[in-house]
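For reference, work03.txt is printed below; it contains compact mmCIF, N, CA, C and O atoms.
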# COMPACT_ATOMS: atom_id res chain seq x y z
N MET X 1000 0.85 -1.17 0.00
CA MET X 1000 0.00 0.00 0.00
C MET X 1000 0.90 1.23 0.00
O MET X 1000 1.88 1.30 0.73
N ASN X 1001 0.55 2.20 -0.81
CA ASN X 1001 1.26 3.48 -0.85
C ASN X 1001 0.33 4.59 -0.39
O ASN X 1001 -0.84 4.61 -0.76
N THR X 1002 0.88 5.50 0.41
CA THR X 1002 0.10 6.63 0.90
C THR X 1002 1.06 7.76 1.25
O THR X 1002 2.27 7.60 1.21
N ILE X 1003 0.50 8.89 1.59
CA ILE X 1003 1.28 10.05 2.03
C ILE X 1003 1.02 10.24 3.51
O ILE X 1003 -0.14 10.28 3.96
N CYS X 1004 2.08 10.39 4.28
CA CYS X 1004 1.94 10.63 5.71
C CYS X 1004 1.40 12.05 5.93
O CYS X 1004 1.86 13.00 5.31
N ILE X 1005 0.44 12.17 6.84
CA ILE X 1005 -0.18 13.46 7.13
C ILE X 1005 0.14 13.94 8.55
O ILE X 1005 -0.49 14.86 9.05
N MET X 1006 1.13 13.35 9.17
CA MET X 1006 1.45 13.69 10.56
C MET X 1006 2.24 14.99 10.71
O MET X 1006 2.29 15.54 11.79
N CYS X 1007 2.86 15.45 9.65
CA CYS X 1007 3.59 16.72 9.70
C CYS X 1007 3.64 17.30 8.29
O CYS X 1007 3.24 16.64 7.33
N PRO X 1008 4.14 18.50 8.12
CA PRO X 1008 4.17 19.12 6.79
C PRO X 1008 5.10 18.46 5.78
O PRO X 1008 5.04 18.78 4.59
N MET X 1009 5.96 17.54 6.22
CA MET X 1009 6.89 16.88 5.29
C MET X 1009 6.16 16.09 4.21
O MET X 1009 6.61 16.03 3.08
N GLY X 1010 5.06 15.45 4.55
CA GLY X 1010 4.30 14.68 3.57
C GLY X 1010 5.09 13.54 2.96
O GLY X 1010 5.12 13.37 1.74
N CYS X 1011 5.73 12.74 3.79
CA CYS X 1011 6.56 11.64 3.29
C CYS X 1011 5.73 10.61 2.54
O CYS X 1011 4.67 10.21 3.01
N PRO X 1012 6.24 10.15 1.37
CA PRO X 1012 5.56 9.07 0.67
C PRO X 1012 5.88 7.75 1.38
O PRO X 1012 7.04 7.38 1.54
N LEU X 1013 4.85 7.06 1.83
CA LEU X 1013 5.03 5.81 2.57
C LEU X 1013 4.68 4.61 1.72
O LEU X 1013 3.73 4.63 0.96
N THR X 1014 5.47 3.56 1.90
CA THR X 1014 5.16 2.25 1.35
C THR X 1014 4.95 1.33 2.53
O THR X 1014 5.84 1.17 3.37
N ILE X 1015 3.77 0.73 2.61
CA ILE X 1015 3.40 -0.09 3.74
C ILE X 1015 3.15 -1.51 3.25
O ILE X 1015 2.35 -1.71 2.32
N THR X 1016 3.85 -2.46 3.84
CA THR X 1016 3.68 -3.85 3.45
C THR X 1016 3.52 -4.71 4.69
O THR X 1016 4.00 -4.37 5.77
N GLU X 1017 2.86 -5.84 4.51
CA GLU X 1017 2.71 -6.80 5.59
C GLU X 1017 3.72 -7.91 5.37
O GLU X 1017 3.79 -8.50 4.29
N THR X 1018 4.53 -8.19 6.38
CA THR X 1018 5.54 -9.23 6.31
C THR X 1018 5.24 -10.28 7.37
O THR X 1018 4.33 -10.10 8.19
N GLU X 1019 6.01 -11.34 7.38
CA GLU X 1019 5.82 -12.39 8.39
C GLU X 1019 6.05 -11.85 9.80
O GLU X 1019 5.45 -12.31 10.76
N SER X 1020 6.92 -10.85 9.92
CA SER X 1020 7.25 -10.31 11.24
C SER X 1020 6.38 -9.11 11.62
O SER X 1020 6.56 -8.54 12.69
N GLY X 1021 5.47 -8.72 10.78
CA GLY X 1021 4.58 -7.60 11.10
C GLY X 1021 4.42 -6.64 9.95
O GLY X 1021 4.69 -6.96 8.79
N ILE X 1022 4.02 -5.42 10.26
CA ILE X 1022 3.79 -4.39 9.24
C ILE X 1022 5.07 -3.57 9.10
O ILE X 1022 5.62 -3.09 10.09
N LYS X 1023 5.50 -3.41 7.86
CA LYS X 1023 6.75 -2.68 7.57
C LYS X 1023 6.38 -1.37 6.88
O LYS X 1023 5.64 -1.36 5.89
N VAL X 1024 6.89 -0.26 7.42
CA VAL X 1024 6.65 1.07 6.85
C VAL X 1024 7.99 1.61 6.36
O VAL X 1024 8.96 1.66 7.10
N GLU X 1025 8.01 2.03 5.09
CA GLU X 1025 9.22 2.61 4.50
C GLU X 1025 8.90 3.98 3.92
O GLU X 1025 7.78 4.23 3.50
N GLY X 1026 9.89 4.85 3.92
CA GLY X 1026 9.74 6.17 3.34
C GLY X 1026 9.55 7.27 4.37
O GLY X 1026 9.67 8.45 4.05
N ASN X 1027 9.27 6.89 5.61
CA ASN X 1027 9.07 7.89 6.65
C ASN X 1027 10.42 8.45 7.11
O ASN X 1027 11.42 7.76 7.09
N THR X 1028 10.41 9.72 7.50
CA THR X 1028 11.64 10.33 8.00
C THR X 1028 11.59 10.53 9.52
O THR X 1028 12.55 11.04 10.09
N CYS X 1029 10.48 10.14 10.15
CA CYS X 1029 10.41 10.24 11.61
C CYS X 1029 9.55 9.09 12.14
O CYS X 1029 8.86 8.40 11.39
N LYS X 1030 9.58 8.92 13.44
CA LYS X 1030 8.83 7.86 14.11
C LYS X 1030 7.32 8.03 13.94
O LYS X 1030 6.58 7.05 13.82
N ARG X 1031 6.86 9.28 13.89
CA ARG X 1031 5.41 9.52 13.71
C ARG X 1031 4.91 8.92 12.40
O ARG X 1031 3.78 8.44 12.32
N GLY X 1032 5.74 8.96 11.37
CA GLY X 1032 5.36 8.38 10.08
C GLY X 1032 5.18 6.88 10.16
O GLY X 1032 4.28 6.32 9.54
N GLU X 1033 6.04 6.23 10.92
CA GLU X 1033 5.91 4.78 11.10
C GLU X 1033 4.62 4.44 11.85
O GLU X 1033 3.87 3.54 11.46
N ILE X 1034 4.35 5.20 12.91
CA ILE X 1034 3.12 4.98 13.68
C ILE X 1034 1.89 5.22 12.81
O ILE X 1034 0.95 4.42 12.79
N TYR X 1035 1.91 6.33 12.05
CA TYR X 1035 0.79 6.65 11.16
C TYR X 1035 0.59 5.55 10.12
O TYR X 1035 -0.53 5.12 9.86
N GLY X 1036 1.68 5.11 9.52
CA GLY X 1036 1.59 4.09 8.47
C GLY X 1036 0.97 2.80 8.97
O GLY X 1036 0.11 2.20 8.32
N LYS X 1037 1.39 2.37 10.15
CA LYS X 1037 0.82 1.13 10.72
C LYS X 1037 -0.65 1.32 11.04
O LYS X 1037 -1.46 0.43 10.78
N GLN X 1038 -1.00 2.47 11.60
CA GLN X 1038 -2.39 2.77 11.92
C GLN X 1038 -3.23 2.81 10.65
O GLN X 1038 -4.33 2.27 10.59
N GLU X 1039 -2.74 3.47 9.63
CA GLU X 1039 -3.47 3.62 8.38
C GLU X 1039 -3.69 2.26 7.70
O GLU X 1039 -4.72 2.01 7.09
N TYR X 1040 -2.74 1.38 7.84
CA TYR X 1040 -2.85 0.05 7.22
C TYR X 1040 -3.83 -0.85 7.97
O TYR X 1040 -4.60 -1.57 7.36
N THR X 1041 -3.79 -0.80 9.30
CA THR X 1041 -4.60 -1.73 10.08
C THR X 1041 -6.01 -1.22 10.37
O THR X 1041 -6.96 -2.00 10.35
N CYS X 1042 -6.15 0.06 10.68
CA CYS X 1042 -7.45 0.61 11.04
C CYS X 1042 -7.43 2.12 10.85
O CYS X 1042 -7.22 2.88 11.80
N PRO X 1043 -7.64 2.59 9.62
CA PRO X 1043 -7.56 4.03 9.37
C PRO X 1043 -8.62 4.80 10.16
O PRO X 1043 -9.77 4.38 10.25
N GLN X 1044 -8.20 5.92 10.74
CA GLN X 1044 -9.08 6.74 11.55
C GLN X 1044 -8.91 8.20 11.17
O GLN X 1044 -7.85 8.62 10.70
N ARG X 1045 -9.96 8.99 11.42
CA ARG X 1045 -9.94 10.41 11.12
C ARG X 1045 -10.75 11.18 12.15
O ARG X 1045 -11.63 10.62 12.81
N VAL X 1046 -10.49 12.47 12.24
CA VAL X 1046 -11.36 13.40 12.96
C VAL X 1046 -12.37 13.90 11.92
O VAL X 1046 -12.00 14.25 10.81
N VAL X 1047 -13.65 13.89 12.27
CA VAL X 1047 -14.70 14.34 11.37
C VAL X 1047 -15.06 15.78 11.72
O VAL X 1047 -15.31 16.09 12.89
N THR X 1048 -15.07 16.66 10.73
CA THR X 1048 -15.51 18.04 10.92
C THR X 1048 -16.69 18.32 10.01
O THR X 1048 -16.76 17.77 8.91
N SER X 1049 -17.61 19.14 10.48
CA SER X 1049 -18.79 19.43 9.68
C SER X 1049 -19.47 20.69 10.21
O SER X 1049 -18.98 21.33 11.14
N LEU X 1050 -20.60 21.00 9.61
CA LEU X 1050 -21.48 22.08 10.07
C LEU X 1050 -22.83 21.48 10.41
O LEU X 1050 -23.28 20.54 9.76
N VAL X 1051 -23.47 22.04 11.44
CA VAL X 1051 -24.78 21.56 11.87
C VAL X 1051 -25.73 22.75 11.92
O VAL X 1051 -25.37 23.84 12.37
N ALA X 1052 -26.96 22.52 11.48
CA ALA X 1052 -27.99 23.57 11.50
C ALA X 1052 -28.38 23.90 12.93
O ALA X 1052 -28.37 23.05 13.82
N THR X 1053 -28.74 25.18 13.13
CA THR X 1053 -29.24 25.61 14.44
C THR X 1053 -30.69 26.03 14.31
O THR X 1053 -31.18 26.26 13.20
N ASP X 1054 -31.35 26.17 15.44
CA ASP X 1054 -32.77 26.51 15.43
C ASP X 1054 -33.05 27.93 14.99
O ASP X 1054 -34.19 28.28 14.70
N ASP X 1055 -32.01 28.78 14.87
CA ASP X 1055 -32.23 30.16 14.42
C ASP X 1055 -31.80 30.37 12.96
O ASP X 1055 -31.65 31.50 12.50
N GLY X 1056 -31.60 29.27 12.24
CA GLY X 1056 -31.29 29.36 10.80
C GLY X 1056 -29.82 29.48 10.46
O GLY X 1056 -29.45 29.52 9.30
N ARG X 1057 -28.97 29.55 11.45
CA ARG X 1057 -27.53 29.60 11.19
C ARG X 1057 -26.94 28.19 11.27
O ARG X 1057 -27.67 27.22 11.46
N VAL X 1058 -25.63 28.09 11.12
CA VAL X 1058 -24.94 26.82 11.29
C VAL X 1058 -23.81 27.00 12.29
O VAL X 1058 -23.27 28.09 12.44
N VAL X 1059 -23.48 25.92 12.97
CA VAL X 1059 -22.37 25.92 13.91
C VAL X 1059 -21.39 24.83 13.47
O VAL X 1059 -21.80 23.76 13.01
N SER X 1060 -20.10 25.13 13.57
CA SER X 1060 -19.09 24.15 13.21
C SER X 1060 -18.91 23.15 14.35
O SER X 1060 -18.97 23.51 15.52
N VAL X 1061 -18.71 21.89 13.98
CA VAL X 1061 -18.56 20.81 14.95
C VAL X 1061 -17.45 19.87 14.48
O VAL X 1061 -17.05 19.89 13.32
N LYS X 1062 -16.99 19.04 15.42
CA LYS X 1062 -16.02 18.00 15.08
C LYS X 1062 -16.15 16.87 16.09
O LYS X 1062 -16.78 17.04 17.14
N THR X 1063 -15.55 15.74 15.75
CA THR X 1063 -15.50 14.65 16.72
C THR X 1063 -14.44 14.98 17.76
O THR X 1063 -13.44 15.63 17.46
N SER X 1064 -14.66 14.52 18.96
CA SER X 1064 -13.73 14.80 20.06
C SER X 1064 -12.45 13.99 19.95
O SER X 1064 -11.50 14.23 20.70
N GLY X 1065 -12.42 13.04 19.04
CA GLY X 1065 -11.24 12.21 18.83
C GLY X 1065 -11.34 11.51 17.50
O GLY X 1065 -12.24 11.78 16.69
N LEU X 1066 -10.42 10.60 17.27
CA LEU X 1066 -10.40 9.85 16.02
C LEU X 1066 -11.54 8.84 16.00
O LEU X 1066 -11.87 8.24 17.02
N VAL X 1067 -12.12 8.65 14.81
CA VAL X 1067 -13.14 7.62 14.61
C VAL X 1067 -12.72 6.76 13.42
O VAL X 1067 -12.01 7.21 12.52
N ASP X 1068 -13.16 5.51 13.44
CA ASP X 1068 -12.85 4.62 12.33
C ASP X 1068 -13.37 5.21 11.03
O ASP X 1068 -14.49 5.73 10.98
N LYS X 1069 -12.56 5.13 10.01
CA LYS X 1069 -12.89 5.73 8.72
C LYS X 1069 -14.21 5.20 8.15
O LYS X 1069 -14.95 5.93 7.50
N ASP X 1070 -14.53 3.95 8.44
CA ASP X 1070 -15.76 3.37 7.90
C ASP X 1070 -17.03 3.89 8.59
O ASP X 1070 -18.13 3.61 8.16
N LYS X 1071 -16.89 4.70 9.63
CA LYS X 1071 -18.06 5.29 10.31
C LYS X 1071 -18.32 6.73 9.87
O LYS X 1071 -19.32 7.33 10.26
N ILE X 1072 -17.44 7.30 9.07
CA ILE X 1072 -17.55 8.72 8.72
C ILE X 1072 -18.88 9.06 8.07
O ILE X 1072 -19.56 10.00 8.47
N PHE X 1073 -19.30 8.30 7.07
CA PHE X 1073 -20.54 8.64 6.36
C PHE X 1073 -21.76 8.45 7.25
O PHE X 1073 -22.73 9.21 7.16
N ASP X 1074 -21.74 7.47 8.15
CA ASP X 1074 -22.83 7.30 9.11
C ASP X 1074 -22.92 8.51 10.04
O ASP X 1074 -24.01 9.01 10.33
N ILE X 1075 -21.78 9.00 10.49
CA ILE X 1075 -21.74 10.18 11.36
C ILE X 1075 -22.27 11.40 10.62
O ILE X 1075 -23.08 12.16 11.15
N LEU X 1076 -21.83 11.58 9.38
CA LEU X 1076 -22.31 12.73 8.60
C LEU X 1076 -23.81 12.67 8.36
O LEU X 1076 -24.49 13.69 8.37
N LYS X 1077 -24.34 11.47 8.17
CA LYS X 1077 -25.79 11.31 7.99
C LYS X 1077 -26.54 11.74 9.25
O LYS X 1077 -27.56 12.42 9.18
N VAL X 1078 -26.02 11.38 10.41
CA VAL X 1078 -26.63 11.79 11.68
C VAL X 1078 -26.58 13.31 11.80
O VAL X 1078 -27.57 13.95 12.17
N LEU X 1079 -25.43 13.91 11.49
CA LEU X 1079 -25.29 15.36 11.60
C LEU X 1079 -26.22 16.11 10.67
O LEU X 1079 -26.72 17.18 11.02
N LYS X 1080 -26.46 15.54 9.50
CA LYS X 1080 -27.35 16.19 8.54
C LYS X 1080 -28.79 16.25 9.07
O LYS X 1080 -29.54 17.17 8.73
N GLY X 1081 -29.14 15.32 9.92
CA GLY X 1081 -30.51 15.23 10.39
C GLY X 1081 -30.81 15.92 11.70
O GLY X 1081 -31.92 15.79 12.22
N ILE X 1082 -29.86 16.66 12.26
CA ILE X 1082 -30.14 17.29 13.56
C ILE X 1082 -30.18 18.82 13.46
O ILE X 1082 -29.63 19.40 12.52
N THR X 1083 -30.83 19.42 14.41
CA THR X 1083 -30.85 20.87 14.58
C THR X 1083 -30.48 21.16 16.03
O THR X 1083 -31.08 20.61 16.95
N VAL X 1084 -29.50 22.03 16.21
CA VAL X 1084 -29.00 22.35 17.54
C VAL X 1084 -29.70 23.60 18.06
O VAL X 1084 -29.87 24.57 17.32
N LYS X 1085 -30.09 23.56 19.32
CA LYS X 1085 -30.73 24.72 19.95
C LYS X 1085 -29.65 25.72 20.38
O LYS X 1085 -28.66 25.34 20.99
N THR X 1086 -29.84 26.99 20.03
CA THR X 1086 -28.92 28.03 20.45
C THR X 1086 -29.33 28.53 21.83
O THR X 1086 -30.52 28.42 22.18
N PRO X 1087 -28.44 29.08 22.61
CA PRO X 1087 -27.04 29.36 22.31
C PRO X 1087 -26.17 28.11 22.39
O PRO X 1087 -26.49 27.16 23.10
N VAL X 1088 -25.08 28.14 21.65
CA VAL X 1088 -24.10 27.06 21.63
C VAL X 1088 -22.74 27.67 21.96
O VAL X 1088 -22.38 28.71 21.40
N ALA X 1089 -21.98 27.02 22.82
CA ALA X 1089 -20.65 27.50 23.18
C ALA X 1089 -19.59 26.51 22.68
O ALA X 1089 -19.85 25.30 22.58
N THR X 1090 -18.43 27.03 22.36
CA THR X 1090 -17.32 26.18 21.96
C THR X 1090 -17.09 25.11 23.02
O THR X 1090 -17.02 25.41 24.20
N GLY X 1091 -17.00 23.87 22.58
CA GLY X 1091 -16.78 22.75 23.50
C GLY X 1091 -18.03 22.05 23.96
O GLY X 1091 -17.95 20.97 24.56
N ASP X 1092 -19.21 22.65 23.69
CA ASP X 1092 -20.46 21.98 24.07
C ASP X 1092 -20.57 20.63 23.36
O ASP X 1092 -20.29 20.51 22.17
N CYS X 1093 -21.02 19.64 24.11
CA CYS X 1093 -21.26 18.32 23.52
C CYS X 1093 -22.61 18.35 22.81
O CYS X 1093 -23.65 18.62 23.42
N ILE X 1094 -22.58 18.09 21.52
CA ILE X 1094 -23.80 18.10 20.71
C ILE X 1094 -24.42 16.70 20.68
O ILE X 1094 -25.62 16.53 20.84
N ILE X 1095 -23.58 15.68 20.48
CA ILE X 1095 -24.01 14.27 20.49
C ILE X 1095 -22.94 13.46 21.21
O ILE X 1095 -21.77 13.50 20.81
N ALA X 1096 -23.33 12.72 22.22
CA ALA X 1096 -22.38 11.86 22.93
C ALA X 1096 -22.24 10.53 22.19
O ALA X 1096 -23.22 9.99 21.68
N ASN X 1097 -21.03 10.03 22.12
CA ASN X 1097 -20.74 8.72 21.52
C ASN X 1097 -21.47 8.50 20.20
O ASN X 1097 -22.18 7.53 20.02
N VAL X 1098 -21.28 9.41 19.28
CA VAL X 1098 -21.97 9.38 17.99
C VAL X 1098 -21.70 8.05 17.27
O VAL X 1098 -20.56 7.61 17.16
N CYS X 1099 -22.75 7.41 16.84
CA CYS X 1099 -22.69 6.14 16.09
C CYS X 1099 -21.83 5.09 16.79
O CYS X 1099 -21.15 4.29 16.14
N ASP X 1100 -21.85 5.09 18.11
CA ASP X 1100 -21.04 4.14 18.91
C ASP X 1100 -19.57 4.16 18.51
O ASP X 1100 -18.89 3.14 18.51
N SER X 1101 -19.07 5.35 18.20
CA SER X 1101 -17.69 5.51 17.75
C SER X 1101 -16.71 5.73 18.90
O SER X 1101 -15.50 5.68 18.71
N GLY X 1102 -17.25 6.03 20.08
CA GLY X 1102 -16.39 6.37 21.21
C GLY X 1102 -16.03 7.85 21.25
O GLY X 1102 -15.37 8.30 22.17
N ALA X 1103 -16.47 8.60 20.26
CA ALA X 1103 -16.19 10.04 20.20
C ALA X 1103 -17.50 10.82 20.28
O ALA X 1103 -18.54 10.36 19.82
N ASP X 1104 -17.40 12.00 20.87
CA ASP X 1104 -18.55 12.90 20.94
C ASP X 1104 -18.46 13.90 19.80
O ASP X 1104 -17.37 14.18 19.30
N ILE X 1105 -19.59 14.47 19.42
CA ILE X 1105 -19.61 15.61 18.51
C ILE X 1105 -19.63 16.84 19.40
O ILE X 1105 -20.50 16.99 20.27
N VAL X 1106 -18.64 17.72 19.22
CA VAL X 1106 -18.52 18.93 20.02
C VAL X 1106 -18.52 20.16 19.13
O VAL X 1106 -18.04 20.12 17.99
N ALA X 1107 -19.06 21.24 19.66
CA ALA X 1107 -19.07 22.51 18.92
C ALA X 1107 -17.66 23.09 18.90
O ALA X 1107 -16.94 23.04 19.90
N THR X 1108 -17.27 23.66 17.77
CA THR X 1108 -15.95 24.30 17.65
C THR X 1108 -16.07 25.80 17.50
O THR X 1108 -15.09 26.48 17.24
N SER X 1109 -17.28 26.32 17.66
CA SER X 1109 -17.50 27.76 17.65
C SER X 1109 -18.72 28.05 18.53
O SER X 1109 -19.44 27.15 18.92
N SER X 1110 -18.90 29.32 18.81
CA SER X 1110 -20.02 29.74 19.66
C SER X 1110 -21.02 30.56 18.85
O SER X 1110 -20.64 31.33 17.99
N LEU X 1111 -22.28 30.39 19.17
CA LEU X 1111 -23.36 31.20 18.58
C LEU X 1111 -24.29 31.65 19.68
O LEU X 1111 -24.60 30.95 20.59

Now that the file is in, can you turn its structure into structure tokens?
Amino acid sequence: MNTICIMCPMGCPLTITETESGIKVEGNTCKRGEIYGKQEYTCPQRVVTSLVATDDGRVVSVKTSGLVDKDKIFDILKVLKGITVKTPVATGDCIIANVCDSGADIVATSSL
């Protein structure tokens, strides 16, 4: 598998292979690249960011409180599309706890 490391601005091109002794990551220039490569190969995860409608017709920016499995992203976005948040909203407010059983909460990243 080939990918680009996103852990720092270097953007190292990674080659990730599975060997008898485990997962081998090549092309990284730091330890973070090796960790990222192994994670990306075994269970890719991302922070989800989006906008959610509010009851006064505006939108508030939100994100997951941590990494979620990549295969849950579209399910999370579908949930976010279907909700309306009551204002006022403050940065850090929990909008949805444990969204889609991902282990992460949806939190506001701005205030309205």

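Atom C of Arg1045 in chain X is positioned 26.6 Å from atom C of Ser1020 in chain X.
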
Show me, as lines of an AutoDock Vina configuration file, the centre and edge lengths in Å to one decimal of the axis-aligned box that covers every listed atom of range 1022-1040 of chain X with 5 Å on each side.
center_x = 3.9
center_y = 2.8
center_z = 8.7
size_x = 27.3
size_y = 26.5
size_z = 20.8

_All residues 6 Å or closer to range 1085-1087 of chain X, only N, CA, C and O atoms, same chain fewer than 4 positions away omitted, as a PyMOL selection string_ = chain X and resi 1052-1055+1111

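The nearest approach to Val1067 in chain X among the residues X:Gly1102, X:Gly1036, X:Gly1091, X:Gly1021, with all atoms listed in the file taken into account, belongs to X:Gly1102.
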
*So which bits of range 1015-1094 of chain X end up strand (DSSP E or B) when you DSSP the backbone, as a list of chain:residue names?*
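Everything in range 1015-1094 of chain X that counts as strand (DSSP E or B) is X:Ile1015, X:Thr1016, X:Glu1017, X:Thr1018, X:Gly1021, X:Ile1022, X:Lys1023, X:Val1024, X:Glu1025, X:Gln1044, X:Arg1045, X:Thr1048, X:Ser1049, X:Leu1050, X:Val1051, X:Ala1052, X:Thr1053, X:Val1058, X:Val1059, X:Ser1060, X:Val1061, X:Lys1062, X:Thr1063, X:Val1067, X:Asp1068, X:Thr1083, X:Val1084, X:Cys1093, X:Ile1094.
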
*What is the atom N of Gln1038 in chain X to atom N of Val1098 in chain X distance in Å?*
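Straight-line distance from atom N of Gln1038 in chain X to atom N of Val1098 in chain X works out to 22.8 Å.
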
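Atom pair atom N of Pro1012 in chain X / atom C of Val1047 in chain X has a distance of 24.3 Å (rounded to one decimal).
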
_Could you list, as a list in words, every residue within 7 Å of Thr1048 in chain X, counting only N, CA, C and O atoms and ignoring same-chain residues fewer than 5 positions away?_
Ser1060, Val1061, Lys1062 and Thr1063 of chain X

Starting from the sparse input, extend range 1011-1019 of chain X to all heavy atoms and give the output as a PDB file, keeping the file's coordinate frame.
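Generated output (part00.pdb):
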ATOM      1  N   CYS X1011       5.730  12.740   3.790  1.00  0.00           N
ATOM      2  CA  CYS X1011       6.560  11.640   3.290  1.00  0.00           C
ATOM      3  C   CYS X1011       5.730  10.610   2.540  1.00  0.00           C
ATOM      4  O   CYS X1011       4.670  10.210   3.010  1.00  0.00           O
ATOM      5  CB  CYS X1011       7.274  10.954   4.456  1.00  0.00           C
ATOM      6  SG  CYS X1011       8.420  12.001   5.353  1.00  0.00           S
ATOM      7  N   PRO X1012       6.240  10.150   1.370  1.00  0.00           N
ATOM      8  CA  PRO X1012       5.560   9.070   0.670  1.00  0.00           C
ATOM      9  C   PRO X1012       5.880   7.750   1.380  1.00  0.00           C
ATOM     10  O   PRO X1012       7.040   7.380   1.540  1.00  0.00           O
ATOM     11  CB  PRO X1012       6.168   9.116  -0.727  1.00  0.00           C
ATOM     12  CG  PRO X1012       7.504   9.766  -0.541  1.00  0.00           C
ATOM     13  CD  PRO X1012       7.377  10.676   0.642  1.00  0.00           C
ATOM     14  N   LEU X1013       4.850   7.060   1.830  1.00  0.00           N
ATOM     15  CA  LEU X1013       5.030   5.810   2.570  1.00  0.00           C
ATOM     16  C   LEU X1013       4.680   4.610   1.720  1.00  0.00           C
ATOM     17  O   LEU X1013       3.730   4.630   0.960  1.00  0.00           O
ATOM     18  CB  LEU X1013       4.151   5.797   3.823  1.00  0.00           C
ATOM     19  CG  LEU X1013       4.313   6.923   4.833  1.00  0.00           C
ATOM     20  CD1 LEU X1013       3.344   6.718   5.992  1.00  0.00           C
ATOM     21  CD2 LEU X1013       5.745   7.010   5.327  1.00  0.00           C
ATOM     22  N   THR X1014       5.470   3.560   1.900  1.00  0.00           N
ATOM     23  CA  THR X1014       5.160   2.250   1.350  1.00  0.00           C
ATOM     24  C   THR X1014       4.950   1.330   2.530  1.00  0.00           C
ATOM     25  O   THR X1014       5.840   1.170   3.370  1.00  0.00           O
ATOM     26  CB  THR X1014       6.289   1.727   0.446  1.00  0.00           C
ATOM     27  OG1 THR X1014       6.488   2.649  -0.622  1.00  0.00           O
ATOM     28  CG2 THR X1014       5.949   0.364  -0.122  1.00  0.00           C
ATOM     29  N   ILE X1015       3.770   0.730   2.610  1.00  0.00           N
ATOM     30  CA  ILE X1015       3.400  -0.090   3.740  1.00  0.00           C
ATOM     31  C   ILE X1015       3.150  -1.510   3.250  1.00  0.00           C
ATOM     32  O   ILE X1015       2.350  -1.710   2.320  1.00  0.00           O
ATOM     33  CB  ILE X1015       2.152   0.462   4.451  1.00  0.00           C
ATOM     34  CG1 ILE X1015       2.358   1.945   4.803  1.00  0.00           C
ATOM     35  CG2 ILE X1015       1.815  -0.346   5.682  1.00  0.00           C
ATOM     36  CD1 ILE X1015       1.086   2.690   5.103  1.00  0.00           C
ATOM     37  N   THR X1016       3.850  -2.460   3.840  1.00  0.00           N
ATOM     38  CA  THR X1016       3.680  -3.850   3.450  1.00  0.00           C
ATOM     39  C   THR X1016       3.520  -4.710   4.690  1.00  0.00           C
ATOM     40  O   THR X1016       4.000  -4.370   5.770  1.00  0.00           O
ATOM     41  CB  THR X1016       4.880  -4.358   2.632  1.00  0.00           C
ATOM     42  OG1 THR X1016       6.085  -4.101   3.354  1.00  0.00           O
ATOM     43  CG2 THR X1016       4.954  -3.687   1.274  1.00  0.00           C
ATOM     44  N   GLU X1017       2.860  -5.840   4.510  1.00  0.00           N
ATOM     45  CA  GLU X1017       2.710  -6.800   5.590  1.00  0.00           C
ATOM     46  C   GLU X1017       3.720  -7.910   5.370  1.00  0.00           C
ATOM     47  O   GLU X1017       3.790  -8.500   4.290  1.00  0.00           O
ATOM     48  CB  GLU X1017       1.284  -7.354   5.614  1.00  0.00           C
ATOM     49  CG  GLU X1017       0.959  -8.118   6.845  1.00  0.00           C
ATOM     50  CD  GLU X1017      -0.528  -8.409   6.989  1.00  0.00           C
ATOM     51  OE1 GLU X1017      -1.337  -7.832   6.267  1.00  0.00           O
ATOM     52  OE2 GLU X1017      -0.846  -9.235   7.858  1.00  0.00           O
ATOM     53  N   THR X1018       4.530  -8.190   6.380  1.00  0.00           N
ATOM     54  CA  THR X1018       5.540  -9.230   6.310  1.00  0.00           C
ATOM     55  C   THR X1018       5.240 -10.280   7.370  1.00  0.00           C
ATOM     56  O   THR X1018       4.330 -10.100   8.190  1.00  0.00           O
ATOM     57  CB  THR X1018       6.950  -8.650   6.544  1.00  0.00           C
ATOM     58  OG1 THR X1018       7.030  -8.177   7.895  1.00  0.00           O
ATOM     59  CG2 THR X1018       7.244  -7.515   5.573  1.00  0.00           C
ATOM     60  N   GLU X1019       6.010 -11.340   7.380  1.00  0.00           N
ATOM     61  CA  GLU X1019       5.820 -12.390   8.390  1.00  0.00           C
ATOM     62  C   GLU X1019       6.050 -11.850   9.800  1.00  0.00           C
ATOM     63  O   GLU X1019       5.450 -12.310  10.760  1.00  0.00           O
ATOM     64  CB  GLU X1019       6.757 -13.556   8.123  1.00  0.00           C
ATOM     65  CG  GLU X1019       6.388 -14.363   6.900  1.00  0.00           C
ATOM     66  CD  GLU X1019       7.345 -15.513   6.659  1.00  0.00           C
ATOM     67  OE1 GLU X1019       8.145 -15.838   7.556  1.00  0.00           O
ATOM     68  OE2 GLU X1019       7.289 -16.085   5.563  1.00  0.00           O
TER      69      GLU X1019
END
